[in-house]
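**Q** Please see the structure below; I have some questions.
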Amino acid sequence: MAAEIKNLDTDLQMLVYENYNKFISATDTIKRMKNNIVGMEANMEQLIEKIMSVQSRSDGVNTSLFKKREHIEKLHRTQNLLRKVQFIYDLPVRLGKCIKAEAYADAVRFFTGAKPIFEAYGDSSFQDCKKASEEAMDLVIQNLQAKLYSDSEPIEARAEAVVLLKQLNFPVDNLKAKLLEKLEDYLVKFKNEPKVVDSENNEPSAVEKSPGPAPVKSPRANVDSVSIGVFSKTVRAYLIIFPDSEGRLIKLAIDLFTKRYESVQQQITKRLSSGDLLRMLRAIWDDITVMDEVLPEAALPVYSLEATSGIIKWFISAAFSHLLLEASESLIKIRSGKKEGLQASPLQFALESSKKAVIQGSMDLLLEFRQLLNDDLELLAKLRDLMIDWAQEGFQSFFQNLDKQFLLLSGKSNSSSQDVSGMDSMHVDKVDAGLILVLAQVSVFIEQSAIPRITEEIASSFSGGGSRGYENGPAFVPGEICRLFRSAGEKFLHLYINLKTQKISILLKKRFTTPNWIKHKEPREVHMFVDLLFQELEGIRNEVSQILPRGVVRRHRHSDSTGSTNSSRSNPLREDKLSRSNTQRARSQLLESHLAKLFEQKMEIFTKIEYTQESVISTAVKLCLKSLQEFVRLQTFNRSGYQQIQLDIEFLKKPLKEFVDDDAAVDFLLQEVTNAAHERCLDPIPLEVPILDKLINAKLAKTREQHPSSQ
């Protein structure tokens, strides 16, 4: 505290010294001021005397020159009036010179300057001058209107013409309406001009007409940009000339870009690549950027974002529609290929074409969509998530529609409740069974190959999205599509077999309903329906060999203990029975056969159909033999009819085994047919073995003669 007190005392002492010095300086200054003021009062009195003297002399001069000054001012006013009068008299000549020199601004300035005089004295002193001047100004107005409506005049000159007409009190509202109509006509021409962009040099294919002098075209000139430049200048000038026309100009601008986006949509309908689409969208966006600087109130970027969103969605949808059409066309060509005989293996060609159309077309679409996603256009960056969702939704919808298209091609309705075996309402000849088989194999290909590969591509390049919302689930569900085509493939495979077996059933029905089996004659040869049956089976084998792969051949045979499946020609017991001629013993043998069925081994005749040649042909043969058994059960035979059935069945045994992979099932079914004929026979005495062999060998020899190349 002592140190602080000492410091404060020192500071106080310094302040006293400083203030004392200032006080002394102020005292010295006051003394000098007093010394300087001494004698100033006498000088001021002398100055007043001199000023009074000058004032008295000035008053004398003014008094002496007053009359002359008034005269000079009067002469000056007269001179100005004479100049104005001379200007009025010279005005018609001046206006004529201005018209010749096209100096319309000077003409308007001269006339507006003389207009007050004409209004005051135009009916008396300057009547002739007024009339001549008005005639000249009428010509000026006509020339200004012509310049205003001329497409060759630059927009600045046309704007100047409007300003001059407004200065002449010309009704510009009519001009505004006409100019806006002219602008609308120009936009109609601008929108109707073709704007197909060359993908190589990025140039439009046709030069659009635009008001103003023709621009010099550079090697990569963009005519759309040139026209938009003229349109933007026009809009800018109209806003200056007609400030109240903003609403209509905004409508015209939006209408212009609406038509341009509609033109892009039409190009998409005709098939447009993503590269061409990007060039067109970028050109429109550049034009919108130019127009947004002139008309920010139109909010063109917001409108462009919405329109571009619709265009991209339409492009993706159209791309999948074209892909669906290509996949369908490759299948539709099966019938034409069969009729014209252009392909040695039309079904195989159609299958490969369909596979290529689906997988290669899908990969090409993904490449196109990836180009859209990777582009640096500002609008597309904002739509990235939406584009990902649209692409995934497109694949989901595409495969669902493809399944519906398959159903239509197969002759079935879209109803899932319809049973594949319900073929009574459908004529067999109207449905191409080969097409059904191709559809089945294409469905398998989509499930096992196409969907996994597409899913992998989507996961690698189209991950993200999410604009649908979590409540709607993912856009593309591969598992659902796989289940859909797995089910479709099975339905088509069953439908193909049903079609083929139904056609054969019609043949068998005709065979067994036409003759009178009660009065049937003794068999002399194997019936011709056997040849027709083999012809149909050969057709099935030819079709499935083009489409389905070969499977593992499994030959199933019974042991000798299974009496119902043994050949009648290799079983001694059966030979013994055939040698009997007593009807009662034959009836007893039938009873023994039924008793044997109760103790024999159960055989699985119909197994799950696989996508192999052997499985499809075997199933078809089994169904045909089952139909044959049912047709036999509906008839009543005499001895000869029964022997004819026996002969036909014995002949079928060996050739049928060449078509199937299950010999035991075929033997069993053939034996069932023979047993059914035995049950329905009034006198079931079979043919003797030598006669049976003789007739069969005769049929084989005849077949070898007719088809030597097949042996």
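Lettering and numbering for the structure tokens are positional, with chains as A, B, ... in the shown order, residues counted from 1 in each chain, and ligands counted from 1 in the shown order.
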Using only C-alpha atoms, determine which residues lie at most 10 Å from segment 318-327 of chain A, disregarding the query and same-chain residues fewer than 5 positions distant; provide the list as a PyMOL selection string.
**A** chain A and resi 265+268-274+312-313+332+350+353-362+364-365+368-369+391+394-395+397-399+401-402+405-406
**Q** Neighbouring residues of Glu135 of chain A were defined as those with any atom within 12 Å, considering only C-alpha atoms; residues of the same chain fewer than 3 positions away were excluded. Please report them as a list in words.
**A** Leu91, Pro92, Val93, Leu95, Gly96, Ile99, Phe111, Asp128, Cys129, Lys130, Lys131, Ala132, Asp138, Leu139, Val140, Ile141 and Gln142 of chain A
**Q** Report the distance between atom CA of Gln145 of chain A and atom CA of Asp123 of chain A in Å, rounded to one decimal place.
**A**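 Between these atoms lies a distance of 28.5 Å.
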**Q** So how far away is atom CA of Ser461 of chain A from atom CA of Ile481 of chain A, in Å?
**A**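 Calculated distance between atom CA of Ile481 of chain A and atom CA of Ser461 of chain A is 20.0 Å.
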**Q** Could you make a table, as JSON lines, of the residues of segment 443-513 of chain A that have an atom within 9 Å of an atom of segment 525-549 of chain A, each with its nearest atom pair and distance in Å to one decimal, counting only C-alpha atoms, in chain and number order?
**A**
{"residue": "A:Lys500", "atom": "CA", "partner": "A:Ile540", "partner_atom": "CA", "distance": 7.6}
{"residue": "A:Lys503", "atom": "CA", "partner": "A:Glu536", "partner_atom": "CA", "distance": 8.6}
{"residue": "A:Ile504", "atom": "CA", "partner": "A:Leu533", "partner_atom": "CA", "distance": 6.9}
{"residue": "A:Leu507", "atom": "CA", "partner": "A:Phe529", "partner_atom": "CA", "distance": 7.6}
{"residue": "A:Leu508", "atom": "CA", "partner": "A:Phe529", "partner_atom": "CA", "distance": 7.6}
{"residue": "A:Arg511", "atom": "CA", "partner": "A:Phe529", "partner_atom": "CA", "distance": 6.9}
**Q** Which polymer residues have any atom within 9 Å of an atom of Leu484 of chain A, counting only C-alpha atoms, with same-chain residues fewer than 4 positions away left out, as a list in words?
**A**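 In the requested format, the answer is Phe399, Gln400, Asp403, Ser443, Glu447, Gly479, Glu480, Ala488 and Gly489 of chain A.
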**Q** For the selection you just gave me, I'd like the residues written to a file as a compact mmCIF listing (two decimals), in the first residue's frame, keeping all heavy atoms.
**A**
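Wrote it out as again06.txt, contents follow:
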# COMPACT_ATOMS: atom_id res chain seq x y z
N PHE A 399 -40.27 -58.71 -65.63
CA PHE A 399 -40.36 -60.16 -65.52
C PHE A 399 -41.79 -60.59 -65.19
O PHE A 399 -42.23 -61.66 -65.64
CB PHE A 399 -39.39 -60.67 -64.47
CG PHE A 399 -37.95 -60.69 -64.94
CD1 PHE A 399 -37.02 -59.83 -64.41
CD2 PHE A 399 -37.56 -61.55 -65.94
CE1 PHE A 399 -35.70 -59.83 -64.85
CE2 PHE A 399 -36.25 -61.57 -66.40
CZ PHE A 399 -35.32 -60.71 -65.85
N GLN A 400 -42.52 -59.77 -64.45
CA GLN A 400 -43.93 -60.11 -64.21
C GLN A 400 -44.72 -60.03 -65.51
O GLN A 400 -45.55 -60.92 -65.79
CB GLN A 400 -44.51 -59.15 -63.17
CG GLN A 400 -43.96 -59.37 -61.76
CD GLN A 400 -44.45 -58.33 -60.78
OE1 GLN A 400 -45.04 -57.31 -61.16
NE2 GLN A 400 -44.20 -58.55 -59.50
N ASP A 403 -43.87 -62.97 -67.74
CA ASP A 403 -44.61 -64.17 -67.35
C ASP A 403 -46.03 -64.13 -67.91
O ASP A 403 -46.53 -65.15 -68.42
CB ASP A 403 -44.64 -64.27 -65.82
CG ASP A 403 -45.48 -65.43 -65.34
OD1 ASP A 403 -45.09 -66.59 -65.57
OD2 ASP A 403 -46.55 -65.19 -64.74
N SER A 443 -38.17 -70.28 -69.16
CA SER A 443 -38.49 -70.01 -67.76
C SER A 443 -37.42 -70.56 -66.83
O SER A 443 -37.02 -69.91 -65.86
CB SER A 443 -39.86 -70.60 -67.41
OG SER A 443 -40.88 -70.03 -68.22
N GLU A 447 -34.92 -68.38 -64.38
CA GLU A 447 -34.80 -68.64 -62.94
C GLU A 447 -33.36 -68.96 -62.53
O GLU A 447 -32.86 -68.42 -61.53
CB GLU A 447 -35.71 -69.82 -62.57
CG GLU A 447 -35.58 -70.23 -61.12
CD GLU A 447 -35.93 -71.69 -60.89
OE1 GLU A 447 -36.41 -72.34 -61.84
OE2 GLU A 447 -35.70 -72.17 -59.76
N GLY A 479 -36.12 -63.31 -55.37
CA GLY A 479 -36.73 -64.56 -54.93
C GLY A 479 -38.14 -64.73 -55.46
O GLY A 479 -38.54 -65.83 -55.88
N GLU A 480 -38.89 -63.64 -55.47
CA GLU A 480 -40.26 -63.71 -55.99
C GLU A 480 -40.27 -64.03 -57.48
O GLU A 480 -41.09 -64.84 -57.94
CB GLU A 480 -40.95 -62.37 -55.72
CG GLU A 480 -42.37 -62.30 -56.24
CD GLU A 480 -43.01 -60.95 -55.98
OE1 GLU A 480 -42.49 -60.21 -55.12
OE2 GLU A 480 -44.02 -60.63 -56.65
N ALA A 488 -43.88 -71.27 -63.42
CA ALA A 488 -44.27 -71.18 -64.83
C ALA A 488 -43.63 -72.29 -65.66
O ALA A 488 -44.27 -72.89 -66.54
CB ALA A 488 -43.89 -69.81 -65.39
N GLY A 489 -42.34 -72.56 -65.39
CA GLY A 489 -41.67 -73.62 -66.13
C GLY A 489 -42.32 -74.97 -65.93
O GLY A 489 -42.51 -75.74 -66.89
**Q** Give me the residues within 8 Å of Pro686 of chain A as number ranges by chain, counting only C-alpha atoms and dropping any in the same chain fewer than 4 places off.
**A** A: 578, 639, 642-643, 646
**Q** Smallest atom-to-atom distance to Arg248 of chain A: which of A:Met1, A:Ala298, A:Phe126, A:Trp517, using only C-alpha atoms?
**A**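 With only C-alpha atoms as the atom set, the closest residue is A:Ala298.
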**Q** So how far away is atom CA of Thr29 of chain A from atom CA of Leu12 of chain A, in Å?
**A** 26.2 Å
**Q** Looking at A:Lys653, A:Arg260, A:Lys699, A:Arg550, which one is nearest to Arg524 of chain A, with distances taken over only C-alpha atoms?
**A**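 The answer is A:Lys699, which sits nearest to Arg524 of chain A.
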**Q** Using only C-alpha atoms, can you tell me which of A:Ala161, A:Leu281, A:Val235, A:Ala120 comes closest to Ala146 of chain A?
**A**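 Selected residue with least distance to Ala146 of chain A: A:Ala161.
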**Q** Return the single residue from A:Thr308, A:Gln635, A:Gln167, A:Ser64 that is closest to Thr258 of chain A, with distances computed using only C-alpha atoms.
**A**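 So, comparing all the options, the nearest one is A:Thr308.
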